[in-house]
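Below is the file start.cif, which contains mmCIF, C-alpha atoms.
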```cif
data_data
loop_
_atom_site.label_atom_id
_atom_site.label_comp_id
_atom_site.auth_asym_id
_atom_site.auth_seq_id
_atom_site.Cartn_x
_atom_site.Cartn_y
_atom_site.Cartn_z
CA MET Z 1100 89.45 145.53 91.64
CA LEU Z 1101 86.41 147.67 90.80
CA SER Z 1102 84.92 144.84 88.74
CA GLY Z 1103 84.86 142.61 91.83
CA ILE Z 1104 82.54 144.91 93.78
CA PRO Z 1105 78.88 143.82 93.30
CA HIS Z 1106 76.81 146.06 91.05
CA ASP Z 1107 74.43 147.37 93.71
CA CYS Z 1108 77.23 148.48 96.05
CA LEU Z 1109 78.34 152.11 96.11
CA ILE Z 1110 82.08 152.49 95.43
CA VAL Z 1111 83.96 154.85 97.77
CA LEU Z 1112 87.59 155.60 96.87
CA VAL Z 1113 89.85 157.37 99.38
CA SER Z 1114 93.28 157.78 97.81
CA ASN Z 1115 96.61 159.03 99.09
CA SER Z 1116 98.45 158.37 95.84
CA ASP Z 1117 101.21 160.72 94.71
CA LYS Z 1118 100.07 163.76 92.75
CA LEU Z 1119 103.57 164.73 91.60
CA PRO Z 1120 105.38 164.41 89.24
CA VAL Z 1121 102.43 162.46 87.79
CA ASP Z 1122 98.95 163.02 89.24
CA ARG Z 1123 98.13 159.39 90.01
CA TYR Z 1124 94.93 160.34 91.80
CA GLU Z 1125 93.62 161.96 88.62
CA ILE Z 1126 94.33 158.73 86.75
CA GLU Z 1127 92.48 156.76 89.45
CA ALA Z 1128 89.51 159.15 89.42
CA GLN Z 1129 89.23 159.04 85.63
CA THR Z 1130 89.33 155.24 85.76
CA VAL Z 1131 86.50 155.18 88.30
CA GLU Z 1132 84.50 157.70 86.26
CA GLN Z 1133 84.85 155.65 83.08
CA PHE Z 1134 83.97 152.43 84.90
CA CYS Z 1135 80.84 154.00 86.40
CA ARG Z 1136 79.77 155.47 83.07
CA LEU Z 1137 80.13 152.18 81.21
CA ALA Z 1138 78.70 149.97 83.96
CA GLY Z 1139 75.92 152.27 85.18
CA ARG Z 1140 77.49 152.47 88.63
CA SER Z 1141 77.80 155.20 91.24
CA ALA Z 1142 80.90 156.19 93.20
CA ILE Z 1143 82.50 158.82 95.41
CA SER Z 1144 86.19 159.68 95.43
CA VAL Z 1145 88.47 162.10 97.26
CA HIS Z 1146 92.18 162.55 97.88
CA GLN Z 1147 93.32 162.30 101.49
CA LYS Z 1148 95.62 165.33 101.20
CA ASP Z 1149 93.09 167.68 99.64
CA PRO Z 1150 93.21 170.97 101.64
CA GLY Z 1151 89.45 171.30 101.18
CA LEU Z 1152 88.94 167.89 102.80
CA ALA Z 1153 90.90 169.02 105.86
CA ALA Z 1154 88.90 172.25 106.08
CA ALA Z 1155 85.63 170.32 105.82
CA PHE Z 1156 86.54 167.91 108.63
CA LYS Z 1157 87.68 170.79 110.83
CA ALA Z 1158 84.40 172.63 110.26
CA ALA Z 1159 82.42 169.42 110.92
CA GLY Z 1160 84.02 168.95 114.34
CA MET Z 1161 87.07 166.71 113.97
CA GLU Z 1162 90.11 168.93 114.24
CA GLU Z 1163 92.06 165.96 115.67
CA LEU Z 1164 92.32 164.53 112.14
CA ILE Z 1165 94.36 167.52 110.93
CA GLY Z 1166 98.17 167.47 111.08
CA GLU Z 1167 100.62 170.32 111.64
CA ASP Z 1168 100.70 170.99 107.89
CA GLY Z 1169 96.99 171.79 107.92
CA LEU Z 1170 96.10 168.64 105.96
CA VAL Z 1171 94.49 165.36 106.98
CA ARG Z 1172 97.15 163.11 108.50
CA SER Z 1173 98.50 160.29 106.35
CA GLY Z 1174 97.57 156.79 107.46
CA LYS Z 1175 95.26 153.87 106.79
CA GLY Z 1176 93.07 154.54 109.82
CA GLU Z 1177 92.61 158.14 108.71
CA ALA Z 1178 91.58 157.01 105.22
CA MET Z 1179 89.10 154.52 106.69
CA LEU Z 1180 87.58 157.26 108.84
CA ILE Z 1181 87.11 159.44 105.76
CA GLY Z 1182 85.51 156.54 103.90
CA MET Z 1183 83.11 155.88 106.76
CA ALA Z 1184 82.07 159.53 106.86
CA LEU Z 1185 81.42 159.56 103.11
CA ALA Z 1186 79.36 156.36 103.37
CA ALA Z 1187 77.40 157.77 106.30
CA MET Z 1188 76.43 160.85 104.27
CA THR Z 1189 74.71 158.60 101.73
CA GLY Z 1190 72.39 157.14 104.38
CA ARG Z 1191 73.52 153.57 103.74
CA ARG Z 1192 73.28 150.96 106.50
CA TYR Z 1193 76.45 148.95 105.94
CA LEU Z 1194 80.08 149.66 105.12
CA GLY Z 1195 82.73 147.24 103.82
CA TYR Z 1196 86.46 147.87 103.46
CA VAL Z 1197 88.75 146.32 100.86
CA ASP Z 1198 92.45 147.19 100.55
CA ALA Z 1199 93.07 148.73 97.13
CA ASP Z 1200 96.25 146.73 96.49
CA ASN Z 1201 94.32 143.47 96.03
CA TYR Z 1202 95.24 141.87 92.71
CA VAL Z 1203 92.36 139.36 92.40
CA PRO Z 1204 88.86 140.68 91.51
CA GLY Z 1205 87.37 137.28 92.35
CA ALA Z 1206 88.67 137.59 95.90
CA VAL Z 1207 87.12 141.06 96.23
CA HIS Z 1208 83.77 139.70 95.02
CA GLU Z 1209 84.00 136.85 97.54
CA TYR Z 1210 84.74 139.29 100.38
CA CYS Z 1211 81.61 141.30 99.53
CA LYS Z 1212 79.46 138.17 99.50
CA ALA Z 1213 80.93 137.13 102.86
CA TYR Z 1214 80.12 140.59 104.25
CA ALA Z 1215 76.50 140.33 103.15
CA ALA Z 1216 76.10 136.78 104.47
CA GLY Z 1217 77.76 137.59 107.81
CA LEU Z 1218 75.80 140.77 108.45
CA HIS Z 1219 72.57 138.90 107.65
CA LEU Z 1220 73.44 136.00 109.94
CA ALA Z 1221 74.49 138.33 112.76
CA ASP Z 1222 70.86 139.39 113.22
CA SER Z 1223 71.88 142.51 115.14
CA PRO Z 1224 71.93 146.22 114.28
CA TYR Z 1225 75.44 146.33 115.77
CA ALA Z 1226 77.51 143.77 113.89
CA MET Z 1227 80.93 143.30 112.29
CA VAL Z 1228 82.30 140.78 109.77
CA ARG Z 1229 86.05 140.21 109.48
CA ILE Z 1230 87.71 138.21 106.71
CA SER Z 1231 90.25 135.51 107.47
CA TRP Z 1232 91.77 134.80 104.06
CA HIS Z 1233 92.44 131.19 103.12
CA SER Z 1234 96.07 131.80 102.17
CA LYS Z 1235 98.48 134.61 101.36
CA PRO Z 1236 100.80 133.38 98.57
CA LYS Z 1237 104.47 134.37 98.55
CA LEU Z 1238 107.08 133.78 95.86
CA ARG Z 1239 109.83 131.54 97.26
CA ASP Z 1240 112.65 130.01 95.22
CA GLY Z 1241 110.81 130.67 91.99
CA ARG Z 1242 107.51 129.12 93.04
CA LEU Z 1243 104.40 130.16 94.93
CA PHE Z 1244 104.08 129.14 98.57
CA PHE Z 1245 100.53 129.44 99.91
CA SER Z 1246 101.14 130.59 103.48
CA ARG Z 1247 98.31 130.19 105.96
CA ARG Z 1248 99.53 132.99 108.22
CA GLY Z 1249 100.59 136.56 107.57
CA ARG Z 1250 103.79 137.84 109.17
CA SER Z 1251 101.99 140.67 110.95
CA SER Z 1252 98.68 138.90 111.65
CA GLU Z 1253 100.43 136.09 113.51
CA ILE Z 1254 101.82 138.51 116.11
CA THR Z 1255 98.70 140.67 116.38
CA ASN Z 1256 96.39 137.67 116.82
CA GLU Z 1257 98.69 136.12 119.44
CA TRP Z 1258 98.62 139.22 121.64
CA LEU Z 1259 94.90 139.88 121.26
CA ASN Z 1260 94.29 136.27 122.29
CA ARG Z 1261 96.64 136.64 125.27
CA PHE Z 1262 94.64 139.73 126.24
CA LEU Z 1263 91.45 137.63 126.22
CA ALA Z 1264 93.05 134.67 127.98
CA GLU Z 1265 93.99 136.78 130.98
CA TYR Z 1266 90.30 137.47 131.56
CA SER Z 1267 88.97 134.00 130.82
CA GLY Z 1268 91.71 131.94 132.43
CA PHE Z 1269 91.81 129.73 129.33
CA GLY Z 1270 94.24 129.81 126.44
CA THR Z 1271 92.49 130.69 123.20
CA GLU Z 1272 93.02 131.29 119.48
CA VAL Z 1273 89.54 132.66 118.92
CA ILE Z 1274 90.77 135.90 117.32
CA ALA Z 1275 92.08 135.17 113.83
CA THR Z 1276 91.52 138.58 112.20
CA GLY Z 1277 93.44 141.12 114.26
CA ASN Z 1278 94.87 142.80 111.15
CA ALA Z 1279 91.91 142.16 108.83
CA GLY Z 1280 91.97 144.99 106.31
CA GLU Z 1281 88.98 143.34 104.68
CA HIS Z 1282 86.08 143.78 107.07
CA ALA Z 1283 82.58 145.21 107.18
CA MET Z 1284 80.16 146.53 109.78
CA SER Z 1285 76.76 148.04 110.24
CA LEU Z 1286 76.99 151.81 110.32
CA ASP Z 1287 74.93 151.76 113.52
CA LEU Z 1288 78.02 150.19 115.05
CA GLY Z 1289 80.66 151.95 112.96
CA LEU Z 1290 79.44 155.44 113.86
CA LYS Z 1291 80.00 154.63 117.56
CA LEU Z 1292 83.52 153.22 117.15
CA ARG Z 1293 86.67 155.24 117.72
CA LEU Z 1294 89.17 154.55 114.96
CA ALA Z 1295 92.92 154.53 115.55
CA GLY Z 1296 95.36 156.09 113.14
CA GLY Z 1297 97.69 154.31 110.76
CA PHE Z 1298 97.92 150.52 110.83
CA ALA Z 1299 96.67 150.38 114.41
CA VAL Z 1300 93.14 150.79 113.10
CA GLU Z 1301 92.14 147.14 112.66
CA PRO Z 1302 93.45 145.71 115.96
CA TYR Z 1303 92.11 148.73 117.83
CA GLU Z 1304 88.60 148.00 116.57
CA TYR Z 1305 88.67 144.86 118.73
CA LEU Z 1306 89.98 146.81 121.72
CA ASP Z 1307 87.40 149.56 121.32
CA LEU Z 1308 84.66 146.94 121.27
CA PHE Z 1309 85.98 145.57 124.57
CA GLU Z 1310 86.40 149.06 126.03
CA GLN Z 1311 82.96 150.36 125.06
CA PHE Z 1312 80.82 147.22 125.12
CA GLY Z 1313 82.82 144.52 126.90
CA GLY Z 1314 81.34 145.14 130.36
CA VAL Z 1315 84.70 145.91 132.00
CA LEU Z 1316 84.28 149.68 131.80
CA GLU Z 1317 81.02 151.58 132.18
CA SER Z 1318 79.32 151.92 128.80
CA THR Z 1319 77.59 155.01 127.47
CA SER Z 1320 75.60 152.92 124.97
CA PRO Z 1321 73.02 150.82 126.83
CA ASP Z 1322 71.26 150.10 123.53
CA VAL Z 1323 74.35 148.34 122.20
CA MET Z 1324 74.96 146.52 125.49
CA SER Z 1325 71.44 145.10 125.43
CA SER Z 1326 71.79 143.90 121.82
CA SER Z 1327 75.37 142.57 122.02
CA VAL Z 1328 77.90 143.01 119.20
CA PRO Z 1329 78.43 139.83 117.14
CA VAL Z 1330 81.80 139.72 115.35
CA LEU Z 1331 81.78 137.06 112.64
CA GLN Z 1332 85.13 135.86 111.31
CA ILE Z 1333 84.71 134.20 107.91
CA GLU Z 1334 87.45 132.29 106.12
CA THR Z 1335 87.37 132.79 102.38
CA ARG Z 1336 88.41 130.40 99.58
CA ASN Z 1337 90.33 132.74 97.29
CA PRO Z 1338 94.03 133.36 97.97
CA HIS Z 1339 94.92 136.89 99.05
CA PHE Z 1340 97.37 138.37 96.52
CA HIS Z 1341 98.46 141.90 97.32
CA ASP Z 1342 101.39 144.29 97.05
CA ASN Z 1343 104.50 143.34 99.04
CA LYS Z 1344 105.61 146.44 100.93
CA GLY Z 1345 108.64 144.90 102.63
CA GLU Z 1346 109.77 143.90 106.10
CA ASP Z 1347 109.80 147.44 107.56
CA HIS Z 1348 106.10 147.76 106.72
CA VAL Z 1349 105.32 144.45 108.43
CA GLN Z 1350 107.32 145.36 111.52
CA GLY Z 1351 105.55 148.72 111.74
CA MET Z 1352 102.15 147.01 111.65
CA ARG Z 1353 103.17 144.61 114.42
CA MET Z 1354 104.42 147.36 116.71
CA GLN Z 1355 101.41 149.64 116.17
CA ALA Z 1356 99.14 146.73 117.12
CA LEU Z 1357 101.12 146.11 120.30
CA ASN Z 1358 101.04 149.82 121.13
CA VAL Z 1359 97.23 149.91 121.21
CA VAL Z 1360 96.98 146.66 123.19
CA TYR Z 1361 99.47 147.96 125.74
CA HIS Z 1362 97.72 151.31 126.28
CA SER Z 1363 94.14 150.03 126.38
CA PRO Z 1364 92.54 150.68 129.78
CA VAL Z 1365 91.14 147.13 129.76
CA THR Z 1366 94.52 145.43 129.25
CA LEU Z 1367 95.67 143.71 132.45
CA PRO Z 1368 99.11 144.50 133.98
CA SER Z 1369 100.55 141.04 133.25
CA VAL Z 1370 99.89 141.47 129.52
CA ARG Z 1371 101.38 144.97 129.53
CA GLN Z 1372 104.57 143.68 131.12
CA ALA Z 1373 104.81 140.82 128.64
CA ILE Z 1374 104.39 143.25 125.73
CA ILE Z 1375 107.26 145.40 126.97
CA GLU Z 1376 109.50 142.36 127.30
CA PHE Z 1377 108.58 141.21 123.78
CA MET Z 1378 109.18 144.64 122.24
CA VAL Z 1379 112.56 144.98 123.96
CA ALA Z 1380 113.52 141.53 122.66
CA GLN Z 1381 112.45 142.62 119.16
CA GLY Z 1382 114.58 145.76 119.39
CA ALA Z 1383 111.53 148.01 119.15
CA LEU Z 1384 112.07 149.45 122.66
CA GLU Z 1385 115.03 150.17 124.90
CA VAL Z 1386 114.98 148.83 128.46
CA GLY Z 1387 112.93 151.23 130.60
CA GLN Z 1388 110.98 152.67 127.65
CA GLU Z 1389 107.20 152.50 127.26
CA PRO Z 1390 105.45 151.84 123.93
CA PRO Z 1391 104.28 155.04 122.20
CA ARG Z 1392 100.59 155.90 122.10
CA GLU Z 1393 98.75 155.72 118.80
CA ARG Z 1394 96.27 158.40 117.80
CA VAL Z 1395 92.64 157.53 118.47
CA TYR Z 1396 89.92 159.68 116.89
CA PRO Z 1397 86.39 160.50 118.08
CA PRO Z 1398 83.55 158.47 116.53
CA VAL Z 1399 82.42 159.46 113.05
CA GLY Z 1400 78.93 159.69 114.54
CA SER Z 1401 80.03 162.87 116.34
CA LEU Z 1402 80.57 164.71 113.04
CA ASP Z 1403 78.11 167.22 111.64
CA LEU Z 1404 77.76 165.48 108.26
CA GLU Z 1405 75.85 168.39 106.70
CA LEU Z 1406 78.73 170.76 107.44
CA LEU Z 1407 81.16 168.13 106.18
CA TYR Z 1408 79.31 167.84 102.89
CA ASP Z 1409 79.03 171.61 102.46
CA GLY Z 1410 82.77 171.96 103.02
CA LEU Z 1411 83.60 169.18 100.58
CA ASP Z 1412 81.24 170.54 97.94
CA ALA Z 1413 82.62 174.07 98.25
CA GLU Z 1414 86.36 173.55 98.81
CA ALA Z 1415 87.57 170.01 98.10
CA LEU Z 1416 88.73 170.05 94.47
CA THR Z 1417 89.33 166.29 94.42
CA PHE Z 1418 85.88 165.41 95.82
CA ARG Z 1419 83.82 163.82 93.07
CA GLN Z 1420 80.50 162.05 92.79
CA PHE Z 1421 80.04 159.76 89.81
CA ASP Z 1422 76.45 159.12 88.80
CA GLY Z 1423 76.48 156.26 86.29
CA LEU Z 1424 72.70 156.33 85.86
CA ALA Z 1425 72.71 159.97 84.82
CA SER Z 1426 75.56 159.24 82.41
CA ALA Z 1427 73.38 156.57 80.82
CA GLY Z 1428 70.52 159.02 80.31
CA TYR Z 1429 68.42 158.17 83.38
CA ALA Z 1430 67.24 160.61 86.04
CA PRO Z 1431 70.14 161.97 88.11
CA ALA Z 1432 70.77 160.02 91.31
CA PRO Z 1433 73.93 161.36 92.97
CA PRO Z 1434 75.32 159.16 95.78
CA ILE Z 1435 74.92 161.96 98.34
CA GLU Z 1436 71.77 164.06 98.44
CA ARG Z 1437 72.15 167.10 100.69
CA ASN Z 1438 68.59 167.02 102.07
CA LEU Z 1439 68.88 163.34 103.07
CA ILE Z 1440 72.14 163.50 105.04
CA PRO Z 1441 71.66 162.00 108.54
CA ARG Z 1442 72.15 164.11 111.66
CA PRO Z 1443 74.92 163.38 114.22
CA THR Z 1444 74.30 160.19 116.24
CA VAL Z 1445 76.91 160.45 119.04
#
```

Please lay out the structure from this file as structure tokens.
Amino acid sequence: MLSGIPHDCLIVLVSNSDKLPVDRYEIEAQTVEQFCRLAGRSAISVHQKDPGLAAAFKAAGMEELIGEDGLVRSGKGEAMLIGMALAAMTGRRYLGYVDADNYVPGAVHEYCKAYAAGLHLADSPYAMVRISWHSKPKLRDGRLFFSRRGRSSEITNEWLNRFLAEYSGFGTEVIATGNAGEHAMSLDLGLKLRLAGGFAVEPYEYLDLFEQFGGVLESTSPDVMSSSVPVLQIETRNPHFHDNKGEDHVQGMRMQALNVVYHSPVTLPSVRQAIIEFMVAQGALEVGQEPPRERVYPPVGSLDLELLYDGLDAEALTFRQFDGLASAGYAPAPPIERNLIPRPTV
């Protein structure tokens, strides 16, 4: 997958791989280090369960991220938040996410090109690009079937579109990327967003855009309201091959998406009632129950990034910066330079 990321992009790896009985994170970090050394690339890596990472986030002002065990909570949304904070410390303007279980480097390269094209075309400092993959192949009866819809995305998109339709009065299928793990955004926008935990993170990005900038609730960001927030959905050509985690994983993604739609303050009562009826029919709720709330974290822009870096540098044993240029004999150029870290923006 690393070879699919364009050369001028900084690689940020946030891993929650097992460290026992085999330290898989160490294998991953050594692979990244060797790749950067041979290719003249730069990268940052950290393990999600590093005690020093938890201490750094607590010191920087985000105690909500820490679980009862004193470590950063497990979850995709939590990993994405960490990745955004690391990217923000480098002073970069844009951030793109790619799920690490993608088996096709060509698809990863295409996603990155789509990110760059979309963010350029958006012509706004507050922009997002979300990938709608062309197909997601599955093995059926000994042959590949190129499905156009994912089992989780189909449900998530349907309910996000029903949410919109209740406001517009028109049926719509405009949202096609409710569960888009592959997406990018300007950090001017990303640092203002509140990220949800676990697999609720991608659908909640849509809801947070509506809540903060949709005009239904009072906004605290008049600069964003005056610029608008373009969200470009781009369909790619490469098929999306990735790890199959089973039906329980898919069902969990569906229900977490419905949880955040249900509890959003901008969701209308008719949609809430329909969600309850659907979840009861699916066996996810008992009659009379309410969907559980997902965790939603403060914006990364509220963090003190200097304190975060100091904590990582001093205590996080898995935090590493790979400087491929220095390895090749050029002047050192670490991805994060302490004196250039931006100040809090929220």

Skip Z:Ser1116 itself and residues of its chain fewer than 6 positions away, then list as a ChimeraX atom specification all residues within 12 Å of it, counting only C-alpha atoms.
/Z:1122-1128,1145-1149,1173-1174,1178,1199-1200

Residues from last step as file, C-alpha atoms, as a short mmCIF file (atom, residue, chain, number, x, y, z; two decimals), in the coordinates of the input:
```cif
data_model
loop_
_atom_site.label_atom_id
_atom_site.label_comp_id
_atom_site.auth_asym_id
_atom_site.auth_seq_id
_atom_site.Cartn_x
_atom_site.Cartn_y
_atom_site.Cartn_z
CA ASP Z 1122 98.95 163.02 89.24
CA ARG Z 1123 98.13 159.39 90.01
CA TYR Z 1124 94.93 160.34 91.80
CA GLU Z 1125 93.62 161.96 88.62
CA ILE Z 1126 94.33 158.73 86.75
CA GLU Z 1127 92.48 156.76 89.45
CA ALA Z 1128 89.51 159.15 89.42
CA VAL Z 1145 88.47 162.10 97.26
CA HIS Z 1146 92.18 162.55 97.88
CA GLN Z 1147 93.32 162.30 101.49
CA LYS Z 1148 95.62 165.33 101.20
CA ASP Z 1149 93.09 167.68 99.64
CA SER Z 1173 98.50 160.29 106.35
CA GLY Z 1174 97.57 156.79 107.46
CA ALA Z 1178 91.58 157.01 105.22
CA ALA Z 1199 93.07 148.73 97.13
CA ASP Z 1200 96.25 146.73 96.49
#
```

So that I can check the surroundings of stretch 1438-1442 of chain Z, please list as a list of chain:residue names every protein, DNA and RNA residue that reaches within 9 Å of it, counting all atoms listed in the file and ignoring chain neighbours fewer than 6 positions away.
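Residues near the query, excluding close chain neighbours: Z:Ala1187, Z:Met1188, Z:Thr1189, Z:Gly1190, Z:Gly1400, Z:Leu1402, Z:Asp1403, Z:Leu1404, Z:Glu1405, Z:Tyr1408.
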
Considering all atoms listed in the file, tabulate each residue of stretch 1262-1370 of chain Z that lies at most 7 Å from stretch 1374-1388 of chain Z along with its nearest interatomic pair and the corresponding distance in Å to one decimal; arrange the rows by chain and ascending residue number and present them as a Markdown table.
```
| residue | atom | partner | partner_atom | distance |
| --- | --- | --- | --- | --- |
| Z:Leu1357 | CA | Z:Ile1374 | CA | 7.0 |
| Z:Tyr1361 | CA | Z:Ile1374 | CA | 6.8 |
| Z:Val1370 | CA | Z:Ile1374 | CA | 6.1 |
```

Please compute the atom CA of Z:Val1445-atom CA of Z:Thr1319 distance, one decimal, in Å.
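One can read the atom CA of Z:Val1445 to atom CA of Z:Thr1319 distance as 10.1 Å.
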
Anything within 8 Å of (84.7, 145.2, 113.1): list those residues as a list in words, counting all atoms listed in the file and sticking to the file's coordinates.
Ala1226, Met1227, Val1228, Arg1229, His1282, Ala1283, Met1284, Gly1289, Glu1301, Glu1304, Tyr1305 and Val1330 of chain Z

Given the file above and the PyMOL selection byres ((chain Z and resi 1329) around 10), which residues are selected, and can you give them as a list in words?
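For this structure, the PyMOL selection byres ((chain Z and resi 1329) around 10) captures Gly1217, Leu1218, Leu1220, Ala1221, Asp1222, Ser1223, Pro1224, Tyr1225, Ala1226, Met1227, Val1228, Ser1326, Ser1327, Val1328, Val1330, Leu1331 and Gln1332 of chain Z.
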
Compile the contact shell of Z:Asp1198 as a PyMOL selection string: residues with an atom at most 8 Å away, counting only C-alpha atoms, same-chain residues fewer than 3 positions apart removed.
chain Z and resi 1201+1280-1281

Among the residues Z:Gln1311, Z:Thr1444, Z:Ser1252, Z:Ser1401, the one that comes closest to Z:Trp1232 [using all atoms listed in the file]:
Z:Ser1252

Using atom CA of Z:Ala1206 and atom CA of Z:Leu1424 as the two end points, give the distance in Å to one decimal.
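Atom CA of Z:Ala1206 sits 26.6 Å away from atom CA of Z:Leu1424.
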
What would the selection look like, as a PDB file with C-alpha atoms, keeping the file's coordinate frame, if the PyMOL selection byres ((chain Z and resi 1295) around 7) were run on the coordinates I just shared?
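Result saved to out_21.pdb:
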```pdb
ATOM      1  CA  GLY Z1176      93.070 154.540 109.820  1.00  0.00           C
ATOM      2  CA  ARG Z1293      86.670 155.240 117.720  1.00  0.00           C
ATOM      3  CA  LEU Z1294      89.170 154.550 114.960  1.00  0.00           C
ATOM      4  CA  GLY Z1296      95.360 156.090 113.140  1.00  0.00           C
ATOM      5  CA  GLY Z1297      97.690 154.310 110.760  1.00  0.00           C
ATOM      6  CA  ALA Z1299      96.670 150.380 114.410  1.00  0.00           C
ATOM      7  CA  VAL Z1300      93.140 150.790 113.100  1.00  0.00           C
ATOM      8  CA  TYR Z1303      92.110 148.730 117.830  1.00  0.00           C
ATOM      9  CA  GLU Z1393      98.750 155.720 118.800  1.00  0.00           C
ATOM     10  CA  ARG Z1394      96.270 158.400 117.800  1.00  0.00           C
ATOM     11  CA  VAL Z1395      92.640 157.530 118.470  1.00  0.00           C
ATOM     12  CA  TYR Z1396      89.920 159.680 116.890  1.00  0.00           C
TER      13      TYR Z1396
END
```

Pick from Z:Leu1170, Z:Leu1367, Z:Val1197, Z:Val1323 nearest to Z:Gly1151, counting all atoms listed in the file:
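Checking each of Z:Leu1170, Z:Leu1367, Z:Val1197, Z:Val1323 against Z:Gly1151, counting all atoms listed in the file, the winner is Z:Leu1170.
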
Residues around (82.9, 153.5, 95.7), cut-off 6 Å, counting only C-alpha atoms - what are they as a PyMOL selection string?
chain Z and resi 1109-1112+1142-1143

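Against this structure, the PyMOL selection byres ((chain Z and resi 1164) around 10) ends up with Ala1153, Phe1156, Lys1157, Gly1160, Met1161, Glu1162, Glu1163, Ile1165, Gly1166, Gly1169, Leu1170, Val1171, Arg1172, Ser1173, Glu1177, Leu1180, Ile1181, Gly1296, Arg1394, Val1395, Tyr1396 and Pro1397 of chain Z.
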
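A straight line drawn from atom CA of Z:Ser1363 to atom CA of Z:Asp1322 is 23.1 Å long.
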